[in-house]
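Note: the block below is entry-v1.cif and it holds mmCIF, N, CA and C atoms and all ligand atoms.
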data_target
#
loop_
_atom_site.label_atom_id
_atom_site.label_comp_id
_atom_site.auth_asym_id
_atom_site.auth_seq_id
_atom_site.Cartn_x
_atom_site.Cartn_y
_atom_site.Cartn_z
N MET N 1051 68.88 54.20 -14.60
CA MET N 1051 68.96 52.92 -15.31
C MET N 1051 70.01 53.01 -16.39
N ARG N 1052 70.52 51.86 -16.77
CA ARG N 1052 71.51 51.83 -17.83
C ARG N 1052 71.52 50.47 -18.49
N THR N 1053 72.24 50.38 -19.61
CA THR N 1053 72.39 49.08 -20.26
C THR N 1053 73.72 48.48 -19.82
N LYS N 1054 73.80 47.17 -19.90
CA LYS N 1054 75.02 46.50 -19.39
C LYS N 1054 76.22 46.86 -20.23
N ASP N 1055 76.04 47.03 -21.55
CA ASP N 1055 77.13 47.49 -22.42
C ASP N 1055 76.53 47.94 -23.75
N LYS N 1056 77.40 48.24 -24.70
CA LYS N 1056 76.93 48.82 -25.95
C LYS N 1056 76.26 47.82 -26.89
N SER N 1057 76.31 46.55 -26.55
CA SER N 1057 75.64 45.55 -27.40
C SER N 1057 74.12 45.60 -27.24
N VAL N 1058 73.68 46.23 -26.16
CA VAL N 1058 72.24 46.30 -25.88
C VAL N 1058 71.64 47.50 -26.61
N SER N 1059 70.63 47.23 -27.43
CA SER N 1059 69.99 48.32 -28.18
C SER N 1059 68.62 48.65 -27.59
N LEU N 1060 68.39 49.94 -27.44
CA LEU N 1060 67.08 50.40 -26.97
C LEU N 1060 66.34 51.13 -28.10
N GLU N 1061 66.85 50.93 -29.32
CA GLU N 1061 66.17 51.52 -30.48
C GLU N 1061 64.84 50.83 -30.69
N GLN N 1062 63.89 51.60 -31.22
CA GLN N 1062 62.55 51.08 -31.51
C GLN N 1062 61.83 50.61 -30.25
N MET N 1063 62.27 51.10 -29.07
CA MET N 1063 61.59 50.73 -27.84
C MET N 1063 60.22 51.42 -27.81
N SER N 1064 59.20 50.69 -27.44
CA SER N 1064 57.89 51.32 -27.31
C SER N 1064 57.96 52.44 -26.28
N PRO N 1065 57.41 53.62 -26.58
CA PRO N 1065 57.45 54.73 -25.62
C PRO N 1065 56.84 54.35 -24.27
N ALA N 1066 55.92 53.42 -24.27
CA ALA N 1066 55.27 53.01 -23.02
C ALA N 1066 56.22 52.29 -22.07
N MET N 1067 57.36 51.86 -22.59
CA MET N 1067 58.32 51.13 -21.74
C MET N 1067 59.04 52.06 -20.77
N TRP N 1068 59.21 53.33 -21.14
CA TRP N 1068 60.07 54.20 -20.33
C TRP N 1068 59.50 54.56 -18.96
N PRO N 1069 58.23 54.95 -18.87
CA PRO N 1069 57.70 55.22 -17.52
C PRO N 1069 57.76 53.98 -16.63
N MET N 1070 57.51 52.81 -17.23
CA MET N 1070 57.61 51.56 -16.47
C MET N 1070 59.04 51.37 -15.98
N ALA N 1071 60.01 51.57 -16.88
CA ALA N 1071 61.42 51.35 -16.51
C ALA N 1071 61.85 52.30 -15.39
N ASN N 1072 61.33 53.50 -15.40
CA ASN N 1072 61.64 54.45 -14.32
C ASN N 1072 61.10 53.97 -12.99
N ARG N 1073 59.88 53.47 -13.00
CA ARG N 1073 59.30 52.95 -11.74
C ARG N 1073 60.11 51.77 -11.23
N VAL N 1074 60.46 50.89 -12.14
CA VAL N 1074 61.23 49.70 -11.77
C VAL N 1074 62.63 50.10 -11.26
N ASP N 1075 63.21 51.09 -11.90
CA ASP N 1075 64.53 51.59 -11.48
C ASP N 1075 64.51 52.03 -10.02
N HIS N 1076 63.45 52.71 -9.62
CA HIS N 1076 63.33 53.15 -8.22
C HIS N 1076 63.36 51.97 -7.27
N VAL N 1077 62.66 50.91 -7.62
CA VAL N 1077 62.61 49.73 -6.75
C VAL N 1077 64.00 49.08 -6.67
N TYR N 1078 64.70 49.01 -7.79
CA TYR N 1078 66.07 48.48 -7.76
C TYR N 1078 66.94 49.26 -6.79
N ARG N 1079 66.86 50.58 -6.89
CA ARG N 1079 67.72 51.42 -6.04
C ARG N 1079 67.36 51.24 -4.56
N GLU N 1080 66.06 51.18 -4.28
CA GLU N 1080 65.64 51.06 -2.89
C GLU N 1080 65.90 49.68 -2.30
N GLU N 1081 65.62 48.66 -3.10
CA GLU N 1081 65.68 47.30 -2.56
C GLU N 1081 67.06 46.66 -2.69
N LEU N 1082 67.77 46.94 -3.78
CA LEU N 1082 69.03 46.26 -4.05
C LEU N 1082 70.23 47.19 -4.02
N GLY N 1083 69.98 48.49 -4.02
CA GLY N 1083 71.08 49.44 -3.93
C GLY N 1083 71.83 49.64 -5.24
N TYR N 1084 71.25 49.21 -6.34
CA TYR N 1084 71.86 49.54 -7.63
C TYR N 1084 70.77 49.88 -8.63
N GLU N 1085 71.18 50.56 -9.71
CA GLU N 1085 70.18 50.98 -10.69
C GLU N 1085 69.80 49.83 -11.60
N LEU N 1086 68.64 49.96 -12.20
CA LEU N 1086 68.17 48.96 -13.16
C LEU N 1086 69.20 48.78 -14.26
N MET N 1087 69.64 47.53 -14.46
CA MET N 1087 70.62 47.21 -15.49
C MET N 1087 69.91 46.39 -16.58
N ILE N 1088 69.77 46.99 -17.74
CA ILE N 1088 69.09 46.30 -18.85
C ILE N 1088 70.12 45.47 -19.61
N THR N 1089 69.86 44.17 -19.68
CA THR N 1089 70.83 43.27 -20.31
C THR N 1089 70.43 42.85 -21.71
N ALA N 1090 69.18 43.14 -22.10
CA ALA N 1090 68.74 42.88 -23.48
C ALA N 1090 67.58 43.80 -23.82
N GLY N 1091 67.57 44.28 -25.03
CA GLY N 1091 66.49 45.14 -25.52
C GLY N 1091 66.07 44.68 -26.90
N SER N 1092 66.23 45.55 -27.88
CA SER N 1092 65.72 45.25 -29.22
C SER N 1092 66.77 44.68 -30.17
N GLU N 1093 68.02 44.55 -29.70
CA GLU N 1093 69.07 44.06 -30.62
C GLU N 1093 68.72 42.67 -31.16
N LEU N 1094 69.12 42.46 -32.40
CA LEU N 1094 68.79 41.19 -33.05
C LEU N 1094 69.90 40.16 -32.83
N THR N 1095 70.95 40.56 -32.12
CA THR N 1095 72.11 39.68 -31.92
C THR N 1095 71.90 38.68 -30.80
N VAL N 1096 70.86 38.89 -29.99
CA VAL N 1096 70.58 37.96 -28.89
C VAL N 1096 69.43 37.05 -29.30
N LYS N 1097 69.59 35.76 -28.99
CA LYS N 1097 68.55 34.80 -29.35
C LYS N 1097 67.49 34.75 -28.26
N HIS N 1098 66.26 35.09 -28.63
CA HIS N 1098 65.13 34.97 -27.72
C HIS N 1098 64.16 33.94 -28.29
N LYS N 1099 63.14 33.64 -27.51
CA LYS N 1099 62.13 32.69 -27.98
C LYS N 1099 61.49 33.18 -29.28
N LYS N 1100 61.03 32.24 -30.04
CA LYS N 1100 60.31 32.58 -31.27
C LYS N 1100 59.09 33.43 -30.91
N GLY N 1101 58.88 34.49 -31.64
CA GLY N 1101 57.73 35.36 -31.36
C GLY N 1101 57.98 36.34 -30.23
N SER N 1102 59.20 36.37 -29.71
CA SER N 1102 59.52 37.26 -28.58
C SER N 1102 59.23 38.71 -28.88
N PHE N 1103 58.74 39.41 -27.87
CA PHE N 1103 58.46 40.84 -28.01
C PHE N 1103 59.73 41.70 -27.95
N HIS N 1104 60.89 41.05 -27.77
CA HIS N 1104 62.14 41.81 -27.93
C HIS N 1104 62.28 42.26 -29.39
N TYR N 1105 61.79 41.43 -30.30
CA TYR N 1105 61.95 41.73 -31.72
C TYR N 1105 60.78 42.59 -32.20
N PRO N 1106 61.08 43.82 -32.61
CA PRO N 1106 60.00 44.73 -33.02
C PRO N 1106 59.05 44.13 -34.06
N GLU N 1107 59.58 43.29 -34.92
CA GLU N 1107 58.73 42.74 -36.00
C GLU N 1107 57.60 41.85 -35.45
N ASN N 1108 57.75 41.38 -34.22
CA ASN N 1108 56.73 40.49 -33.65
C ASN N 1108 55.58 41.20 -32.96
N THR N 1109 55.71 42.51 -32.74
CA THR N 1109 54.69 43.21 -31.98
C THR N 1109 53.70 43.90 -32.91
N PRO N 1110 52.49 44.15 -32.42
CA PRO N 1110 51.46 44.74 -33.29
C PRO N 1110 51.86 46.10 -33.84
N ASP N 1111 52.60 46.89 -33.05
CA ASP N 1111 52.96 48.24 -33.51
C ASP N 1111 54.42 48.34 -33.94
N LYS N 1112 55.08 47.22 -34.04
CA LYS N 1112 56.48 47.17 -34.53
C LYS N 1112 57.46 47.93 -33.65
N PHE N 1113 57.12 47.99 -32.37
CA PHE N 1113 58.07 48.52 -31.38
C PHE N 1113 58.60 47.35 -30.55
N CYS N 1114 59.80 47.52 -30.01
CA CYS N 1114 60.30 46.57 -29.03
C CYS N 1114 59.48 46.72 -27.75
N ARG N 1115 58.99 45.61 -27.22
CA ARG N 1115 58.14 45.68 -26.03
C ARG N 1115 58.67 44.82 -24.89
N ALA N 1116 59.96 44.50 -24.90
CA ALA N 1116 60.51 43.66 -23.83
C ALA N 1116 61.91 44.10 -23.46
N ILE N 1117 62.20 44.05 -22.17
CA ILE N 1117 63.57 44.24 -21.69
C ILE N 1117 63.91 43.12 -20.72
N ASP N 1118 65.19 42.78 -20.69
CA ASP N 1118 65.70 41.85 -19.69
C ASP N 1118 66.43 42.66 -18.63
N CYS N 1119 66.21 42.29 -17.38
CA CYS N 1119 66.77 43.05 -16.26
C CYS N 1119 67.63 42.14 -15.39
N ARG N 1120 68.81 42.60 -15.09
CA ARG N 1120 69.73 41.87 -14.21
C ARG N 1120 69.07 41.64 -12.85
N THR N 1121 69.32 40.47 -12.26
CA THR N 1121 68.72 40.17 -10.95
C THR N 1121 69.78 39.67 -9.96
N ARG N 1122 70.94 40.31 -9.99
CA ARG N 1122 71.98 39.95 -9.02
C ARG N 1122 71.62 40.49 -7.64
N ALA N 1123 72.12 39.82 -6.62
CA ALA N 1123 71.77 40.16 -5.24
C ALA N 1123 72.24 41.55 -4.85
N SER N 1124 73.37 41.99 -5.41
CA SER N 1124 73.87 43.33 -5.14
C SER N 1124 74.77 43.76 -6.28
N LYS N 1125 75.23 44.99 -6.17
CA LYS N 1125 76.13 45.56 -7.16
C LYS N 1125 77.48 44.85 -7.17
N TYR N 1126 77.82 44.24 -6.05
CA TYR N 1126 79.17 43.74 -5.86
C TYR N 1126 79.33 42.24 -6.07
N THR N 1127 78.28 41.60 -6.55
CA THR N 1127 78.36 40.16 -6.70
C THR N 1127 77.73 39.73 -8.02
N GLU N 1128 78.14 38.55 -8.50
CA GLU N 1128 77.47 37.97 -9.67
C GLU N 1128 76.42 36.96 -9.23
N THR N 1129 76.32 36.75 -7.92
CA THR N 1129 75.34 35.81 -7.38
C THR N 1129 73.92 36.34 -7.58
N GLN N 1130 73.03 35.44 -7.99
CA GLN N 1130 71.65 35.82 -8.20
C GLN N 1130 70.91 36.00 -6.87
N LEU N 1131 69.93 36.89 -6.88
CA LEU N 1131 68.97 36.94 -5.77
C LEU N 1131 68.35 35.56 -5.65
N GLN N 1132 68.16 35.11 -4.41
CA GLN N 1132 67.65 33.76 -4.25
C GLN N 1132 66.52 33.67 -3.23
N GLY N 1133 65.80 32.58 -3.31
CA GLY N 1133 64.81 32.23 -2.29
C GLY N 1133 63.73 33.28 -2.10
N ASP N 1134 63.39 33.50 -0.80
CA ASP N 1134 62.31 34.43 -0.47
C ASP N 1134 62.63 35.85 -0.92
N LYS N 1135 63.91 36.20 -0.87
CA LYS N 1135 64.30 37.54 -1.29
C LYS N 1135 63.97 37.77 -2.76
N ARG N 1136 64.21 36.72 -3.56
CA ARG N 1136 63.94 36.82 -4.99
C ARG N 1136 62.42 36.92 -5.25
N ILE N 1137 61.67 36.09 -4.53
CA ILE N 1137 60.21 36.10 -4.69
C ILE N 1137 59.63 37.46 -4.28
N ASP N 1138 60.13 37.96 -3.16
CA ASP N 1138 59.68 39.26 -2.65
C ASP N 1138 60.02 40.38 -3.64
N PHE N 1139 61.23 40.34 -4.17
CA PHE N 1139 61.65 41.37 -5.12
C PHE N 1139 60.83 41.26 -6.42
N HIS N 1140 60.62 40.04 -6.88
CA HIS N 1140 59.81 39.81 -8.08
C HIS N 1140 58.42 40.45 -7.90
N ASN N 1141 57.82 40.21 -6.75
CA ASN N 1141 56.49 40.76 -6.48
C ASN N 1141 56.50 42.29 -6.49
N LYS N 1142 57.53 42.86 -5.94
CA LYS N 1142 57.63 44.32 -5.92
C LYS N 1142 57.77 44.88 -7.34
N ILE N 1143 58.51 44.16 -8.17
CA ILE N 1143 58.69 44.62 -9.56
C ILE N 1143 57.39 44.47 -10.34
N ILE N 1144 56.64 43.41 -10.07
CA ILE N 1144 55.33 43.23 -10.72
C ILE N 1144 54.43 44.43 -10.41
N VAL N 1145 54.39 44.82 -9.14
CA VAL N 1145 53.57 45.96 -8.72
C VAL N 1145 54.06 47.25 -9.36
N ALA N 1146 55.38 47.46 -9.36
CA ALA N 1146 55.94 48.69 -9.92
C ALA N 1146 55.72 48.77 -11.42
N ALA N 1147 55.82 47.65 -12.10
CA ALA N 1147 55.67 47.65 -13.57
C ALA N 1147 54.24 48.03 -13.94
N GLY N 1148 53.28 47.49 -13.22
CA GLY N 1148 51.89 47.85 -13.49
C GLY N 1148 51.16 46.81 -14.31
N GLU N 1149 49.85 46.99 -14.40
CA GLU N 1149 48.99 45.91 -14.91
C GLU N 1149 49.16 45.60 -16.39
N ASN N 1150 49.72 46.51 -17.15
CA ASN N 1150 49.88 46.24 -18.58
C ASN N 1150 51.13 45.42 -18.92
N PHE N 1151 51.90 45.17 -17.86
CA PHE N 1151 53.18 44.49 -18.07
C PHE N 1151 53.21 43.13 -17.41
N GLN N 1152 53.95 42.23 -18.06
CA GLN N 1152 54.16 40.91 -17.49
C GLN N 1152 55.63 40.84 -17.08
N VAL N 1153 55.88 40.39 -15.85
CA VAL N 1153 57.26 40.26 -15.37
C VAL N 1153 57.54 38.78 -15.15
N ILE N 1154 58.38 38.22 -16.01
CA ILE N 1154 58.64 36.79 -15.94
C ILE N 1154 60.04 36.55 -15.38
N ASP N 1155 60.11 35.72 -14.33
CA ASP N 1155 61.41 35.37 -13.75
C ASP N 1155 62.02 34.26 -14.60
N GLU N 1156 63.07 34.58 -15.33
CA GLU N 1156 63.70 33.61 -16.23
C GLU N 1156 64.88 32.89 -15.55
N GLY N 1157 64.98 33.05 -14.23
CA GLY N 1157 66.02 32.33 -13.50
C GLY N 1157 67.26 33.17 -13.25
N ASN N 1158 67.79 33.78 -14.31
CA ASN N 1158 68.96 34.66 -14.12
C ASN N 1158 68.69 36.09 -14.56
N HIS N 1159 67.44 36.37 -14.87
CA HIS N 1159 67.01 37.75 -15.15
C HIS N 1159 65.49 37.80 -15.13
N PHE N 1160 64.94 39.02 -15.07
CA PHE N 1160 63.51 39.20 -15.26
C PHE N 1160 63.29 39.71 -16.68
N ASN N 1161 62.31 39.11 -17.34
CA ASN N 1161 61.87 39.62 -18.64
C ASN N 1161 60.59 40.43 -18.38
N ILE N 1162 60.64 41.71 -18.72
CA ILE N 1162 59.45 42.55 -18.54
C ILE N 1162 58.94 42.94 -19.91
N GLU N 1163 57.67 42.60 -20.16
CA GLU N 1163 57.12 42.96 -21.47
C GLU N 1163 55.75 43.58 -21.39
N LEU N 1164 55.52 44.44 -22.34
CA LEU N 1164 54.25 45.12 -22.47
C LEU N 1164 53.31 44.23 -23.26
N ASP N 1165 52.26 43.77 -22.61
CA ASP N 1165 51.35 42.85 -23.29
C ASP N 1165 50.08 43.52 -23.78
N ARG N 1166 49.78 44.73 -23.25
CA ARG N 1166 48.56 45.41 -23.69
C ARG N 1166 48.89 46.83 -24.08
ZN ZN X 1201 63.64 38.74 -22.40
#
Could you express the structure from this file as structure tokens?
Ligand SMILES: [Zn+2]
Amino acid sequence: MRTKDKSVSLEQMSPAMWPMANRVDHVYREELGYELMITAGSELTVKHKKGSFHYPENTPDKFCRAIDCRTRASKYTETQLQGDKRIDFHNKIIVAAGENFQVIDEGNHFNIELDR
């Protein structure tokens, strides 16, 4: 897994996020042929919803509990995964993330957050 560029911060990430990200990374490699690309983490430079778990100050333990994940169809395109393929991939990521995580399809990325 990697971040899309240096603007993405993984500081203050909840330790519980890493095993989940590893599981999700495997599914990316198997299903899409590229590694998990994190497009947003704990940086304060990106605007998220009010109360978002990207912002450490909003979580009970003051850790970042959300990552955004690229959902392009392949490594070689900017086109998004679409239709049944997207639904199928979303379901696989939900299973890989596990029951403590919520995986929300935001249209051009998945937001994965630790809710428990
Ligand atoms: Zn997000």
Just want the residues within 8 Å of ligand ZN 1201 (chain X), written as a PyMOL selection string, counting only N, CA and C atoms and all ligand atoms. chain N and resi 1089-1091+1098-1099+1102-1104+1116-1119+1159-1163
Preceding selection exported with N, CA and C atoms as a PDB file, in the frame of the given file:
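Output below, filename result_14.pdb:
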ATOM      1  N   THR N1089      69.860  44.170 -19.680  1.00  0.00           N
ATOM      2  CA  THR N1089      70.830  43.270 -20.310  1.00  0.00           C
ATOM      3  C   THR N1089      70.430  42.850 -21.710  1.00  0.00           C
ATOM      4  N   ALA N1090      69.180  43.140 -22.100  1.00  0.00           N
ATOM      5  CA  ALA N1090      68.740  42.880 -23.480  1.00  0.00           C
ATOM      6  C   ALA N1090      67.580  43.800 -23.820  1.00  0.00           C
ATOM      7  N   GLY N1091      67.570  44.280 -25.030  1.00  0.00           N
ATOM      8  CA  GLY N1091      66.490  45.140 -25.520  1.00  0.00           C
ATOM      9  C   GLY N1091      66.070  44.680 -26.900  1.00  0.00           C
ATOM     10  N   HIS N1098      66.260  35.090 -28.630  1.00  0.00           N
ATOM     11  CA  HIS N1098      65.130  34.970 -27.720  1.00  0.00           C
ATOM     12  C   HIS N1098      64.160  33.940 -28.290  1.00  0.00           C
ATOM     13  N   LYS N1099      63.140  33.640 -27.510  1.00  0.00           N
ATOM     14  CA  LYS N1099      62.130  32.690 -27.980  1.00  0.00           C
ATOM     15  C   LYS N1099      61.490  33.180 -29.280  1.00  0.00           C
ATOM     16  N   SER N1102      59.200  36.370 -29.710  1.00  0.00           N
ATOM     17  CA  SER N1102      59.520  37.260 -28.580  1.00  0.00           C
ATOM     18  C   SER N1102      59.230  38.710 -28.880  1.00  0.00           C
ATOM     19  N   PHE N1103      58.740  39.410 -27.870  1.00  0.00           N
ATOM     20  CA  PHE N1103      58.460  40.840 -28.010  1.00  0.00           C
ATOM     21  C   PHE N1103      59.730  41.700 -27.950  1.00  0.00           C
ATOM     22  N   HIS N1104      60.890  41.050 -27.770  1.00  0.00           N
ATOM     23  CA  HIS N1104      62.140  41.810 -27.930  1.00  0.00           C
ATOM     24  C   HIS N1104      62.280  42.260 -29.390  1.00  0.00           C
ATOM     25  N   ALA N1116      59.960  44.500 -24.900  1.00  0.00           N
ATOM     26  CA  ALA N1116      60.510  43.660 -23.830  1.00  0.00           C
ATOM     27  C   ALA N1116      61.910  44.100 -23.460  1.00  0.00           C
ATOM     28  N   ILE N1117      62.200  44.050 -22.170  1.00  0.00           N
ATOM     29  CA  ILE N1117      63.570  44.240 -21.690  1.00  0.00           C
ATOM     30  C   ILE N1117      63.910  43.120 -20.720  1.00  0.00           C
ATOM     31  N   ASP N1118      65.190  42.780 -20.690  1.00  0.00           N
ATOM     32  CA  ASP N1118      65.700  41.850 -19.690  1.00  0.00           C
ATOM     33  C   ASP N1118      66.430  42.660 -18.630  1.00  0.00           C
ATOM     34  N   CYS N1119      66.210  42.290 -17.380  1.00  0.00           N
ATOM     35  CA  CYS N1119      66.770  43.050 -16.260  1.00  0.00           C
ATOM     36  C   CYS N1119      67.630  42.140 -15.390  1.00  0.00           C
ATOM     37  N   HIS N1159      67.440  36.370 -14.870  1.00  0.00           N
ATOM     38  CA  HIS N1159      67.010  37.750 -15.150  1.00  0.00           C
ATOM     39  C   HIS N1159      65.490  37.800 -15.130  1.00  0.00           C
ATOM     40  N   PHE N1160      64.940  39.020 -15.070  1.00  0.00           N
ATOM     41  CA  PHE N1160      63.510  39.200 -15.260  1.00  0.00           C
ATOM     42  C   PHE N1160      63.290  39.710 -16.680  1.00  0.00           C
ATOM     43  N   ASN N1161      62.310  39.110 -17.340  1.00  0.00           N
ATOM     44  CA  ASN N1161      61.870  39.620 -18.640  1.00  0.00           C
ATOM     45  C   ASN N1161      60.590  40.430 -18.380  1.00  0.00           C
ATOM     46  N   ILE N1162      60.640  41.710 -18.720  1.00  0.00           N
ATOM     47  CA  ILE N1162      59.450  42.550 -18.540  1.00  0.00           C
ATOM     48  C   ILE N1162      58.940  42.940 -19.910  1.00  0.00           C
ATOM     49  N   GLU N1163      57.670  42.600 -20.160  1.00  0.00           N
ATOM     50  CA  GLU N1163      57.120  42.960 -21.470  1.00  0.00           C
ATOM     51  C   GLU N1163      55.750  43.580 -21.390  1.00  0.00           C
TER      52      GLU N1163
END
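Atom C of Pro1069 in chain N is positioned 11.3 Å from atom N of Leu1164 in chain N.
Between Arg1115 in chain N and the candidates N:Lys1135, N:Ala1146, N:Ser1064, N:Asn1158, the tightest atom-to-atom separation, counting all atoms listed in the file, involves N:Ser1064.
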(request) Place a sphere of radius 9 Å on (54.4, 47.0, -19.5) in the file coordinates and name every protein, DNA or RNA residue with an atom inside or on its surface, counting only C-alpha atoms; give the answer as a ChimeraX atom specification. (result) /N:1066-1067,1070-1071,1115-1116,1147-1153,1162-1166
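In this comparison, which uses all atoms listed in the file, the residue of N:Thr1127, N:Met1063, N:Thr1109, N:Asn1072 approaching Ser1092 in chain N most closely is N:Met1063.
Across the structure, CA of Glu1107 in chain N and CA of Glu1061 in chain N are spaced 12.8 Å apart.
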Given 6 Å on each side, where is the centre and what are the edge lengths in Å to one decimal of the axis-aligned box enclosing the listed atoms of range 1117-1130 of chain N, as lines of an AutoDock Vina configuration file?
center_x = 70.8
center_y = 40.5
center_z = -13.5
size_x = 29.1
size_y = 22.1
size_z = 29.3
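With distances restricted to only N, CA and C atoms, N:Val1058 is the closest residue to Ile1088 in chain N from N:Arg1136, N:Cys1114, N:Arg1122, N:Val1058.
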